[in-house]
>>> print(open('entry_11.txt').read())   # compact mmCIF, C-alpha atoms and all ligand atoms
# COMPACT_ATOMS: atom_id res chain seq x y z
CA MET A 1 0.00 0.00 0.00
CA SER A 2 1.40 3.38 -0.86
CA ALA A 3 2.15 5.81 1.92
CA ILE A 4 -0.42 8.40 3.00
CA GLU A 5 0.81 11.82 4.07
CA CYS A 6 -0.57 13.69 7.07
CA LYS A 7 -2.71 16.64 6.01
CA ARG A 8 -0.91 18.97 8.42
CA CYS A 9 2.78 17.93 8.49
CA LEU A 10 5.17 16.13 6.10
CA TYR A 11 5.28 12.69 7.72
CA THR A 12 3.70 9.70 6.02
CA THR A 13 2.45 6.33 7.21
CA ARG A 14 5.88 4.90 6.27
CA HIS A 15 7.51 6.52 9.30
CA PRO A 16 9.46 3.74 11.08
CA PHE A 17 8.18 4.74 14.54
CA GLY A 18 4.62 4.03 13.40
CA LEU A 19 2.28 6.85 12.41
CA THR A 20 -1.49 6.63 12.60
CA LEU A 21 -3.85 8.94 10.78
CA HIS A 22 -6.92 10.12 12.62
CA ALA A 23 -10.12 11.81 11.52
CA GLU A 24 -9.54 14.59 8.96
CA GLY A 25 -6.24 12.92 7.98
CA ILE A 26 -4.20 14.44 10.82
CA CYS A 27 -1.37 12.25 12.16
CA SER A 28 -0.77 11.01 15.68
CA GLY A 29 2.36 13.19 15.92
CA CYS A 30 0.42 16.38 15.14
CA LEU A 31 -2.34 15.44 17.58
CA THR A 32 0.07 14.72 20.42
CA HIS A 33 1.84 18.00 19.62
CA GLU A 34 -1.42 19.85 20.43
CA GLU A 35 -0.87 18.84 24.06
CA LYS A 36 1.98 21.38 24.10
CA HIS A 37 -0.71 24.04 23.80
CA THR A 38 -3.42 22.44 25.94
CA LEU A 39 -1.79 20.82 28.99
CA ASP A 40 -1.17 22.81 32.16
CA TRP A 41 2.62 22.99 31.95
CA THR A 42 2.98 24.76 35.27
CA LEU A 43 1.43 21.73 36.91
CA ARG A 44 3.60 19.42 34.85
CA ARG A 45 6.75 21.25 35.94
CA GLU A 46 5.67 20.82 39.54
CA LEU A 47 5.24 17.14 38.78
CA LEU A 48 8.83 17.03 37.51
CA GLU A 49 10.06 18.62 40.73
CA LYS A 50 8.14 15.98 42.65
CA ARG A 51 9.60 13.17 40.53
CA VAL A 52 13.20 14.27 41.05
CA THR A 53 12.97 15.33 44.70
CA ALA A 54 13.04 11.69 45.68
CA TYR A 55 16.53 11.39 44.14
CA ALA A 56 18.18 14.60 45.30
CA GLY A 57 21.11 13.81 47.57
CA LYS A 58 20.25 10.11 47.59
CA SER A 59 23.19 8.80 45.59
CA HIS A 60 26.07 7.09 47.35
CA GLY A 61 29.75 7.97 47.07
CA ARG A 62 30.25 11.22 45.14
CA ASP A 63 27.36 13.54 45.67
CA TYR A 64 25.77 13.28 42.23
CA ASP A 65 21.98 13.43 42.17
CA CYS A 66 21.54 12.22 38.62
CA ILE A 67 23.18 11.42 35.31
CA VAL A 68 22.72 13.64 32.27
CA PRO A 69 23.74 12.23 28.88
CA VAL A 70 24.83 14.98 26.48
CA ARG A 71 25.89 15.73 22.93
CA GLY A 72 27.77 18.84 21.80
CA THR A 73 24.69 20.75 20.64
CA PRO A 74 22.83 23.74 22.17
CA GLU A 75 19.82 21.63 23.17
CA TYR A 76 21.89 19.73 25.73
CA PHE A 77 22.92 23.01 27.36
CA TYR A 78 19.22 23.50 27.94
CA VAL A 79 18.92 20.11 29.63
CA LEU A 80 21.77 21.02 31.98
CA HIS A 81 20.27 24.45 32.56
CA VAL A 82 17.03 22.82 33.73
CA VAL A 83 18.76 20.13 35.79
CA LYS A 84 21.24 22.45 37.51
CA ASN A 85 19.63 25.87 37.61
CA VAL A 86 15.93 25.06 37.75
CA LEU A 87 15.85 21.76 39.63
CA GLY A 88 18.99 22.41 41.67
CA LEU A 89 20.45 18.94 41.08
CA ASN A 90 24.13 18.07 40.84
CA PRO A 91 24.55 15.96 37.69
CA LEU A 92 27.30 13.67 36.48
CA VAL A 93 27.41 14.53 32.77
CA VAL A 94 28.21 11.64 30.44
CA ALA A 95 28.85 11.38 26.71
CA TYR A 96 29.47 8.46 24.40
CA ASN A 97 32.02 9.46 21.77
CA SER A 98 30.63 9.30 18.22
CA GLN A 99 34.22 9.58 16.89
CA PHE A 100 32.80 11.82 14.14
CA ASN A 101 33.08 15.03 16.18
CA SER A 102 33.03 18.38 14.47
CA GLU A 103 34.93 21.37 15.78
CA ALA A 104 31.65 22.99 16.92
CA GLY A 105 30.71 19.81 18.80
CA ILE A 106 34.01 19.53 20.68
CA LYS A 107 33.95 23.23 21.55
CA ASN A 108 30.37 22.92 22.82
CA PHE A 109 31.44 20.05 25.12
CA ASP A 110 34.19 22.23 26.56
CA LEU A 111 31.86 25.17 26.94
CA LEU A 112 29.10 23.27 28.70
CA ARG A 113 31.58 21.78 31.16
CA ASP A 114 32.82 25.28 32.01
CA VAL A 115 29.47 27.05 31.99
CA PHE A 116 27.75 24.56 34.25
CA ASP A 117 30.82 23.60 36.30
CA VAL A 118 30.17 19.88 36.00
CA ASP A 119 32.17 16.67 35.77
CA LEU A 120 32.03 15.25 32.25
CA LEU A 121 32.67 11.56 31.69
CA HIS A 122 33.44 10.84 28.04
CA TYR A 123 33.66 7.25 26.81
CA THR A 124 35.40 6.21 23.60
CA SER A 125 35.02 2.66 22.32
CA ASN A 126 38.05 1.02 20.73
CA PRO A 127 38.10 2.69 17.27
CA LEU A 128 39.00 -0.51 15.40
CA ILE A 129 36.11 -2.44 16.94
CA TYR A 130 33.80 0.54 16.39
CA LYS A 131 34.68 0.55 12.68
CA LYS A 132 34.08 -3.19 12.47
CA LEU A 133 30.63 -2.72 14.02
CA ILE A 134 29.82 0.14 11.63
CA ARG A 135 30.75 -2.04 8.63
CA GLU A 136 28.47 -4.77 9.95
CA SER A 137 25.51 -2.50 10.65
CA LEU A 138 25.92 -0.85 7.24
CA ALA A 139 25.66 -4.22 5.55
CA ARG A 140 22.92 -5.58 7.78
CA LEU A 141 20.75 -2.55 8.61
CA SER A 142 21.90 0.00 6.00
CA SER A 143 22.82 2.14 8.99
CA MET A 144 26.20 3.66 9.84
CA ARG A 145 24.80 5.06 13.05
CA TRP A 146 23.49 1.99 14.84
CA PRO A 147 26.73 1.33 16.85
CA PHE A 148 26.72 4.92 18.12
CA ILE A 149 23.05 4.77 19.10
CA ALA A 150 23.61 1.45 20.86
CA GLY A 151 26.59 2.90 22.76
CA GLU A 152 24.93 6.20 23.53
CA THR A 153 21.84 4.51 24.98
CA GLN A 154 23.91 1.98 26.94
CA PHE A 155 26.74 4.01 28.46
CA PRO A 156 24.68 6.33 30.73
CA VAL A 157 22.71 3.33 32.04
CA GLN A 158 25.92 1.39 32.68
CA VAL A 159 27.32 4.37 34.62
CA ALA A 160 24.06 4.63 36.60
CA VAL A 161 24.44 1.02 37.70
CA GLU A 162 28.18 1.14 38.39
CA LYS A 163 28.12 4.41 40.30
CA LYS A 164 24.76 3.75 41.93
CA ILE A 165 23.20 6.98 40.64
CA PRO A 166 19.69 5.76 39.79
CA LEU A 167 18.18 8.80 38.05
CA ILE A 168 19.04 9.53 34.39
CA VAL A 169 17.61 12.69 32.82
CA TRP A 170 17.16 12.54 29.02
CA PRO A 171 15.88 15.48 26.95
CA PHE A 172 12.96 14.10 24.96
CA HIS A 173 11.32 10.90 23.82
CA GLN A 174 11.86 11.00 20.05
CA PRO A 175 8.91 8.73 19.06
CA THR A 176 6.51 10.92 21.06
CA GLU A 177 7.94 14.12 19.54
CA GLN A 178 7.80 12.83 15.97
CA THR A 179 4.88 10.44 15.70
CA GLY A 180 3.03 10.87 18.99
CA THR A 181 3.47 7.32 20.25
CA HIS A 182 2.49 8.45 23.77
CA SER A 183 0.63 11.24 25.45
CA TYR A 184 2.91 13.36 27.67
CA THR A 185 0.59 12.51 30.52
CA GLU A 186 1.61 8.85 30.20
CA GLU A 187 5.16 9.89 31.13
CA PRO A 188 7.02 7.40 28.91
CA GLU A 189 10.43 6.51 30.34
CA MET A 190 13.66 5.25 28.80
CA THR A 191 13.51 1.47 28.98
CA ARG A 192 15.11 -1.58 27.39
CA ARG A 193 11.93 -2.03 25.38
CA SER A 194 11.79 1.49 23.94
CA ARG A 195 15.52 1.29 23.17
CA HIS A 196 14.97 -1.98 21.31
CA GLU A 197 11.97 -0.79 19.37
CA PHE A 198 12.84 2.81 18.50
CA ASP A 199 16.59 3.32 18.95
CA LEU A 200 18.06 0.01 17.87
CA MET A 201 15.65 -0.69 15.00
CA ARG A 202 14.77 -3.96 16.74
CA CYS A 203 18.32 -5.32 16.38
CA GLU A 204 20.06 -6.25 19.65
CA PRO A 205 23.87 -6.22 19.79
CA ASP A 206 24.08 -10.01 20.23
CA GLU A 207 22.40 -10.45 16.84
CA LEU A 208 25.67 -9.29 15.30
CA LEU A 209 27.42 -12.38 16.66
CA THR A 210 27.25 -14.51 13.56
CA VAL A 211 29.91 -16.62 11.88
CA GLU A 212 29.97 -14.33 8.83
CA SER A 213 30.37 -11.13 10.85
CA LEU A 214 33.43 -12.40 12.79
CA ILE A 215 32.37 -10.16 15.68
CA ARG A 216 33.27 -11.59 19.08
CA PRO A 217 31.20 -11.32 22.28
CA ARG A 218 33.67 -9.02 24.02
CA GLU A 219 33.46 -6.59 21.09
CA ILE A 220 29.80 -5.82 21.78
CA GLU A 221 30.18 -5.41 25.54
CA ASP A 222 30.07 -1.59 25.23
CA LEU A 223 26.67 -1.87 23.58
CA GLU A 224 24.87 -4.32 25.84
CA TYR A 225 22.25 -2.89 28.16
CA PRO A 226 22.66 -3.78 31.85
CA SER A 227 20.52 -6.71 33.04
CA ASP A 228 17.03 -6.21 34.47
CA ARG A 229 18.30 -7.67 37.74
CA LEU A 230 20.88 -4.88 38.09
CA LEU A 231 18.47 -2.16 36.95
CA THR A 232 15.89 -3.26 39.51
CA LYS A 233 18.49 -3.67 42.24
CA HIS A 234 19.65 -0.08 41.81
CA GLY A 235 16.23 1.35 40.90
CA VAL A 236 17.54 2.93 37.68
CA ARG A 237 15.02 5.23 35.95
CA GLY A 238 15.29 7.32 32.81
CA LEU A 239 13.05 10.41 32.79
CA TYR A 240 12.38 12.54 29.72
CA LEU A 241 12.16 16.29 30.38
CA SER A 242 9.75 16.61 27.43
CA ASN A 243 6.99 15.03 29.58
CA TYR A 244 7.17 18.01 31.93
CA LEU A 245 8.22 20.93 29.70
CA PRO A 246 6.59 21.86 26.35
CA TRP A 247 9.67 20.79 24.40
CA ASP A 248 10.72 23.07 21.55
CA SER A 249 14.26 22.29 20.37
CA ARG A 250 14.48 25.49 18.34
CA ARG A 251 13.28 27.89 21.03
CA TYR A 252 15.37 26.22 23.73
CA SER A 253 18.49 26.25 21.53
CA GLU A 254 18.06 29.95 20.74
CA GLU A 255 17.60 30.80 24.41
CA ILE A 256 20.76 28.94 25.31
CA ILE A 257 22.84 30.47 22.50
CA GLU A 258 21.79 33.88 23.75
CA ARG A 259 22.42 33.04 27.39
CA TYR A 260 25.57 30.90 27.34
CA GLY A 261 27.08 31.41 23.89
CA ALA A 262 26.55 27.79 22.80
CA LEU A 263 27.75 27.30 19.25
CA ALA A 264 25.42 27.03 16.25
CA ALA A 265 26.66 26.26 12.74
CA LEU A 266 25.58 25.80 9.15
CA ASN A 267 25.32 22.18 8.14
CA ARG A 268 24.70 20.15 4.99
CA ARG A 269 21.17 19.13 3.93
CA THR A 270 19.39 21.27 6.53
CA PHE A 271 18.63 24.84 7.57
CA ASP A 272 18.61 23.88 11.25
CA THR A 273 21.88 25.25 12.58
CA TYR A 274 21.33 23.87 16.09
CA ASP A 275 20.59 20.26 15.30
CA ARG A 276 23.32 17.57 15.21
CA ILE A 277 26.09 20.07 14.50
CA ASP A 278 28.40 18.02 16.74
CA ASP A 279 28.71 15.19 14.22
CA CYS A 280 30.26 15.38 10.73
CA THR A 281 28.33 12.36 9.43
CA TYR A 282 24.80 12.89 10.74
CA MET A 283 23.56 15.34 8.09
CA THR A 284 25.72 13.84 5.36
CA VAL A 285 26.39 10.08 5.20
CA HIS A 286 23.66 9.11 7.67
CA ASP A 287 21.12 11.47 6.13
CA ILE A 288 21.68 10.08 2.62
CA LEU A 289 21.13 6.54 3.92
CA LYS A 290 18.04 7.64 5.84
CA SER A 291 16.41 9.37 2.88
CA SER A 292 17.31 6.55 0.51
CA LYS A 293 15.77 3.96 2.80
CA LEU A 294 12.84 5.82 4.33
CA GLY A 295 11.97 8.58 1.90
CA TYR A 296 12.39 11.39 4.38
CA SER A 297 15.44 13.02 5.93
CA ARG A 298 16.40 15.00 8.99
CA VAL A 299 15.24 18.26 7.43
CA THR A 300 11.76 16.68 7.29
CA ASP A 301 11.88 16.17 11.07
CA SER A 302 12.86 19.81 11.63
CA LEU A 303 10.19 21.06 9.19
CA CYS A 304 7.44 18.99 10.87
CA ARG A 305 8.38 20.64 14.16
CA GLU A 306 8.29 24.09 12.54
CA ILE A 307 4.89 23.41 10.93
CA ARG A 308 3.43 22.18 14.21
CA PHE A 309 4.61 25.28 16.06
CA GLY A 310 3.06 27.41 13.31
CA ARG A 311 6.39 28.91 12.18
CA ILE A 312 6.08 27.80 8.54
CA SER A 313 3.32 26.69 6.18
CA LYS A 314 3.20 23.17 4.83
CA SER A 315 3.52 24.37 1.23
CA ASP A 316 6.70 26.34 1.99
CA ALA A 317 8.04 23.42 4.04
CA LYS A 318 7.62 21.09 1.06
CA VAL A 319 9.79 23.27 -1.16
CA ILE A 320 12.46 23.67 1.56
CA GLU A 321 12.47 19.89 2.14
CA GLN A 322 13.07 19.20 -1.55
CA PHE A 323 15.73 21.94 -1.69
CA TYR A 324 17.84 20.31 1.03
CA GLN A 325 17.18 16.71 0.04
CA ALA A 326 18.67 17.44 -3.39
CA GLU A 327 22.06 18.28 -1.84
CA MET A 328 24.63 15.51 -2.35
CA PRO A 329 27.46 15.71 0.23
CA ALA A 330 30.04 14.08 -2.04
CA ALA A 331 33.14 15.25 -0.14
CA GLU A 332 31.75 14.00 3.20
CA ILE A 333 30.87 10.61 1.71
CA GLU A 334 34.43 10.34 0.39
CA THR A 335 35.88 11.22 3.83
CA PHE A 336 33.68 8.62 5.52
CA CYS A 337 34.53 5.87 3.04
CA ALA A 338 38.25 6.57 3.43
CA TRP A 339 37.87 6.51 7.24
CA LEU A 340 35.99 3.20 7.13
CA GLY A 341 38.19 1.67 4.43
CA ILE A 342 35.46 1.02 1.87
CA PRO A 343 35.29 2.22 -1.75
CA VAL A 344 33.00 5.17 -2.53
CA VAL A 345 31.37 3.14 -5.31
CA GLY A 346 30.49 0.53 -2.67
CA PHE A 347 28.64 3.16 -0.64
CA HIS A 348 26.73 4.37 -3.70
CA TRP A 349 25.94 0.76 -4.64
CA LEU A 350 24.46 0.27 -1.17
CA THR A 351 22.32 3.42 -1.32
CA LYS A 352 21.07 2.36 -4.76
CA GLN A 353 20.02 -1.02 -3.38
CA ILE A 354 17.90 0.55 -0.66
CA THR A 355 16.40 3.41 -2.69
CA THR A 356 12.82 2.81 -3.74
CA SER A 357 11.31 4.59 -6.74
CA GLU A 358 9.35 6.85 -4.34
CA ASN A 359 12.61 8.03 -2.76
CA ALA A 360 14.55 8.80 -5.91
CA PRO A 361 16.29 12.23 -5.78
CA ARG A 362 14.25 15.12 -7.17
CA PRO A 363 15.57 18.30 -8.83
CA ARG A 364 16.58 21.18 -6.58
CA PRO A 365 13.93 23.93 -6.50
CA VAL A 366 14.68 27.63 -6.07
CA LEU A 367 13.61 29.11 -2.72
CA ASN A 368 11.45 32.23 -2.85
CA GLU A 369 12.10 35.23 -0.64
CA LYS A 370 9.80 34.08 2.16
CA GLN A 371 11.42 30.66 2.25
CA GLN A 372 14.90 32.20 2.22
CA THR A 373 13.93 34.47 5.13
CA PHE A 374 12.76 31.45 7.12
CA VAL A 375 16.03 29.58 6.45
CA ALA A 376 18.10 32.63 7.40
CA SER A 377 16.25 33.04 10.71
CA PHE A 378 18.35 30.23 12.23
CA LYS A 379 21.38 31.73 13.93
CA THR A 380 25.05 30.81 13.45
CA ASN A 381 28.04 31.93 15.48
CA THR A 382 30.86 29.65 14.34
CA ALA A 383 32.32 28.05 11.21
CA PRO A 384 30.12 25.64 9.20
CA VAL A 385 30.27 21.96 10.16
CA TRP A 386 31.68 21.09 6.72
CA GLU A 387 34.87 23.01 7.50
CA THR A 388 35.87 20.17 9.85
CA LYS A 389 37.62 18.06 7.24
CA LYS A 390 38.86 15.33 9.57
CA TYR A 391 36.84 13.78 12.38
CA ILE A 392 38.00 14.94 15.81
CA VAL A 393 38.12 11.99 18.15
CA TYR A 394 39.73 13.33 21.31
CA GLY A 395 39.66 17.10 20.93
CA LYS A 396 43.21 17.26 19.54
CA GLY A 397 43.94 19.30 16.43
CA LEU A 398 41.36 22.00 17.08
CA SER A 399 42.12 25.33 15.49
CA VAL A 400 41.90 28.06 18.09
ZN ZN B 501 1.14 15.30 11.06
>>> encode(input="entry_11.txt", output="structure tokens", more="lines below")
Ligand SMILES: [Zn+2]
Amino acid sequence: MSAIECKRCLYTTRHPFGLTLHAEGICSGCLTHEEKHTLDWTLRRELLEKRVTAYAGKSHGRDYDCIVPVRGTPEYFYVLHVVKNVLGLNPLVVAYNSQFNSEAGIKNFDLLRDVFDVDLLHYTSNPLIYKKLIRESLARLSSMRWPFIAGETQFPVQVAVEKKIPLIVWPFHQPTEQTGTHSYTEEPEMTRRSRHEFDLMRCEPDELLTVESLIRPREIEDLEYPSDRLLTKHGVRGLYLSNYLPWDSRRYSEEIIERYGALAALNRRTFDTYDRIDDCTYMTVHDILKSSKLGYSRVTDSLCREIRFGRISKSDAKVIEQFYQAEMPAAEIETFCAWLGIPVVGFHWLTKQITTSENAPRPRPVLNEKQQTFVASFKTNTAPVWETKKYIVYGKGLSV
């Protein structure tokens, strides 16, 4: 059956998180979004305070109240702002190294550590094993990002168990934000099940242990979620701030750029200068794979948010989507293939295999004045992401 598009936003029924269309052809994501305008968010913020009070000062050893996983983008400054300045908690900040860091991303990490005066625990998996896992997930799932997602959703939970800090504060529940899988009042939490279903594309790390893959059990240890026995024993819980605050990535990012000088940068295939600017592959290699496979790209996600907040019309959003989807990041694909040790033609062969006729690239339209004004309304205060020519793994080699 061919995909049906929501009458309000750009998502279709092919969205991998599952999208349902309701009366009048409006999607579940748009309907859940309306809660941002209808719920009593003052009450919900009080509920958040109640939820976290139970954890304040309860951790053992070092006096951390919670764990906050971060990336080097403005949105994560906002999470720390809420956790430290609004809720008055002392967080242990953790980050799983993507190994594709841009200069803006590394500088944002440094800045947030200084601005919020926090301890930052950064974990880097063995690069050779990481590459091996990326090759495997590319072949098996057409994803170069699966190993990072598996590590990023495992590491904070592992630290919670090891350091006995049971509360983890995540920014938002992506399936609720995009396709409205839950009402905010249901307070979805980060669990093994939601990780399996939405983050890992229903592929657990141990499924990579096949004879053909030559991956050994110890090589997936960094990706394996702690056991239910340990999680229960330590009472580990992952809260999403978006259940208690009317989450708006754009507004929060702009507030934080203004307040703390977080860095925002131009990026390939999007107008959103706040989103994923920490990673040189997200809007390039990953985005090409995503649009080839699923027929939509990251700019679609940003445009759906902008439509729902009433900041752009659907007809303008359609043109802007096509404008950015037509951009081919050839240099970035070449850099990635050289890094991974695969031929560029092999990457293009793979994208061709997964591209359906519906997803075939379309010609690049010209943006009118109104559309250009919208695109230019996103702020920048540092060099474009594409100026980072070589991935920064440890923060060495930064130009100052
Ligand atoms: Zn919709």
>>> residues_near_ligand(input="entry_11.txt", ligand="ligand ZN 501 (chain B)", cutoff="10 Å", atoms="all atoms listed in the file", output="PyMOL selection string")
chain A and resi 5-13+19-22+25-33+178-180+304-305+307-308
>>> atom_distance(input="entry_11.txt", atom1="atom CA of A:Asp119", atom2="atom CA of A:Trp247")
25.5 Å
>>> residues_near_point(input="entry_11.txt", point="(23.1, -0.7, 4.9)", cutoff="8 Å", atoms="all atoms listed in the file", output="ChimeraX atom specification")
/A:137-144,289,350-351,354
>>> atom_distance(input="entry_11.txt", atom1="atom CA of A:Gln174", atom2="atom CA of A:Phe309")
16.5 Å
>>> atom_distance(input="entry_11.txt", atom1="atom CA of A:Pro171", atom2="atom CA of A:Glu75")
8.2 Å
>>> residues_around(input="entry_11.txt", residues="stretch 260-277 of chain A", least_positions_apart="4", cutoff="7 Å", atoms="all atoms listed in the file", output="number ranges by chain")
A: 73-74, 104-105, 108, 253, 256, 282-284, 299, 324-325, 327, 375, 378-386
>>> closest_atom_pairs(input="entry_11.txt", of="stretch 218-304 of chain A", to="stretch 34-49 of chain A", cutoff="7 Å", atoms="only C-alpha atoms", output="Markdown table")
| residue | atom | partner | partner_atom | distance |
| --- | --- | --- | --- | --- |
| A:Tyr244 | CA | A:Arg44 | CA | 4.8 |
| A:Leu245 | CA | A:Trp41 | CA | 6.4 |
| A:Pro246 | CA | A:Lys36 | CA | 5.2 |
>>> write_last_selection(input="entry_11.txt", atoms="C-alpha atoms", output="short mmCIF file (atom, residue, chain, number, x, y, z; two decimals), keeping the file's coordinate frame")
data_model
loop_
_atom_site.label_atom_id
_atom_site.label_comp_id
_atom_site.auth_asym_id
_atom_site.auth_seq_id
_atom_site.Cartn_x
_atom_site.Cartn_y
_atom_site.Cartn_z
CA TYR A 244 7.17 18.01 31.93
CA LEU A 245 8.22 20.93 29.70
CA PRO A 246 6.59 21.86 26.35
#
>>> closest_residue(input="entry_11.txt", among="A:Asp65, A:Glu219, A:Glu152, A:Asp248", to="A:Leu89", atoms="all atoms listed in the file")
A:Asp65
>>> decode(input="entry_11.txt", residues="stretch 191-221 of chain A", atoms="C-alpha atoms", output="CSV table (one decimal), in the first residue's frame")
chain,number,residue,atom,x,y,z
A,191,THR,CA,13.5,1.5,29.0
A,192,ARG,CA,15.1,-1.6,27.4
A,193,ARG,CA,11.9,-2.0,25.4
A,194,SER,CA,11.8,1.5,23.9
A,195,ARG,CA,15.5,1.3,23.2
A,196,HIS,CA,15.0,-2.0,21.3
A,197,GLU,CA,12.0,-0.8,19.4
A,198,PHE,CA,12.8,2.8,18.5
A,199,ASP,CA,16.6,3.3,18.9
A,200,LEU,CA,18.1,0.0,17.9
A,201,MET,CA,15.7,-0.7,15.0
A,202,ARG,CA,14.8,-4.0,16.7
A,203,CYS,CA,18.3,-5.3,16.4
A,204,GLU,CA,20.1,-6.2,19.6
A,205,PRO,CA,23.9,-6.2,19.8
A,206,ASP,CA,24.1,-10.0,20.2
A,207,GLU,CA,22.4,-10.4,16.8
A,208,LEU,CA,25.7,-9.3,15.3
A,209,LEU,CA,27.4,-12.4,16.7
A,210,THR,CA,27.3,-14.5,13.6
A,211,VAL,CA,29.9,-16.6,11.9
A,212,GLU,CA,30.0,-14.3,8.8
A,213,SER,CA,30.4,-11.1,10.8
A,214,LEU,CA,33.4,-12.4,12.8
A,215,ILE,CA,32.4,-10.2,15.7
A,216,ARG,CA,33.3,-11.6,19.1
A,217,PRO,CA,31.2,-11.3,22.3
A,218,ARG,CA,33.7,-9.0,24.0
A,219,GLU,CA,33.5,-6.6,21.1
A,220,ILE,CA,29.8,-5.8,21.8
A,221,GLU,CA,30.2,-5.4,25.5
